[in-house]
Every structure is written in structure tokens, then in C-alpha cells.
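Colleague: The structure that follows is given in the form of C-alpha cells.
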Amino acid sequence: MAADNEAVTRTVKLLDSYDRAALVRCSETGRQGWISLAHADLSPAGPLHVLTAPTSVAREAGLL
């Protein structure tokens, strides 16, 4: 299992977003959850986005 402070990168579909959070669905696993944009980077990549976040943040959002 990855350490909590290691970065995890996933391809996601952006379902909804606000100023500080985004609802995303992980393309690899199909899991979805709200993730804080204060602790994660969400970059457009065509119709999908690339999410980079600490493992602990992605796990808390239910994406891992």
C-alpha cells in the first residue's frame, strides 16, 4: 500500500465542481467521490481530467 504522503495520479471524469471541491469518477476503478481542491490538482486532459493528490486525500474521498 502506498504511503499516505505519496502522490497518486488518476484519470477522472469531472461530474460536478465548486470553488473548493470536485465530484470526480475514477476511470480505472469507477469509484467516485468529492475531493478537496485545496489538497489536489485537477488538470484538463481532453474530455477527462488528470487528478494528482496525496494518497490519504484520495483514500478519504473514496477513490482508492
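Here's how to read the names in the C-alpha cells: chain A, B, ... by the order shown, residue numbers from 1 in each chain, ligand numbers from 1 in the order shown.
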Using only C-alpha atoms, which residues sit within 8 Å of Cys26 in chain A once same-chain residues fewer than 4 positions away are excluded, as a list of chain:residue names?

Modeller: A:Arg10, A:Thr11, A:Val12, A:Lys13, A:Gly30, A:Arg31, A:Gln32, A:Leu63

Colleague: Can you pull out the residues contacting Leu14 in chain A? Cut-off 12 Å, using only C-alpha atoms, and skip same-chain residues under 6 positions away; I want them as a ChimeraX atom specification.

Modeller: /A:21-27,32-35,42-51

Colleague: Just to confirm, what's the straight-line distance from CA of Ser36 in chain A to CA of Val57 in chain A in Å (one decimal)?

Modeller: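 A separation of 8.0 Å between them.
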
Colleague: Find the residue from A:Pro54, A:Gly62, A:Leu37, A:Asn5 that sits nearest to Asp19 in chain A; use only C-alpha atoms when measuring.

Modeller: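 When distances to Asp19 in chain A are compared using only C-alpha atoms, the smallest one comes from A:Leu37.
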
Colleague: Could you pull out the helix (DSSP H, G or I) residues of chain A from DSSP and send them as a list in words?

Modeller: Thr55, Ser56, Val57, Ala58, Arg59 and Glu60 of chain A

Colleague: Go ahead and save the picked residues with C-alpha atoms, as a PDB file, in the first residue's frame.

Modeller:
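again_2.pdb, written as the output of this step:
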ATOM      1  CA  THR A  55      -2.822   9.050  -1.178  1.00  0.00           C
ATOM      2  CA  SER A  56      -4.542   9.957   2.096  1.00  0.00           C
ATOM      3  CA  VAL A  57      -6.729  12.582   0.379  1.00  0.00           C
ATOM      4  CA  ALA A  58      -7.701  10.225  -2.460  1.00  0.00           C
ATOM      5  CA  ARG A  59      -8.491   7.463   0.036  1.00  0.00           C
ATOM      6  CA  GLU A  60     -10.622   9.805   2.174  1.00  0.00           C
TER       7      GLU A  60
END

Colleague: Would you mind reading off the distance between CA of Thr9 in chain A and CA of Leu64 in chain A, one decimal, in Å?

Modeller: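 Spanning CA of Thr9 in chain A to CA of Leu64 in chain A is a straight-line distance of 10.9 Å.
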
Colleague: Would you please extract all strand (DSSP E or B) residues from chain A, as assigned by DSSP on the backbone, and give them as a ChimeraX atom specification?

Modeller: /A:7-17,21-26,32-36,41-45,48-54
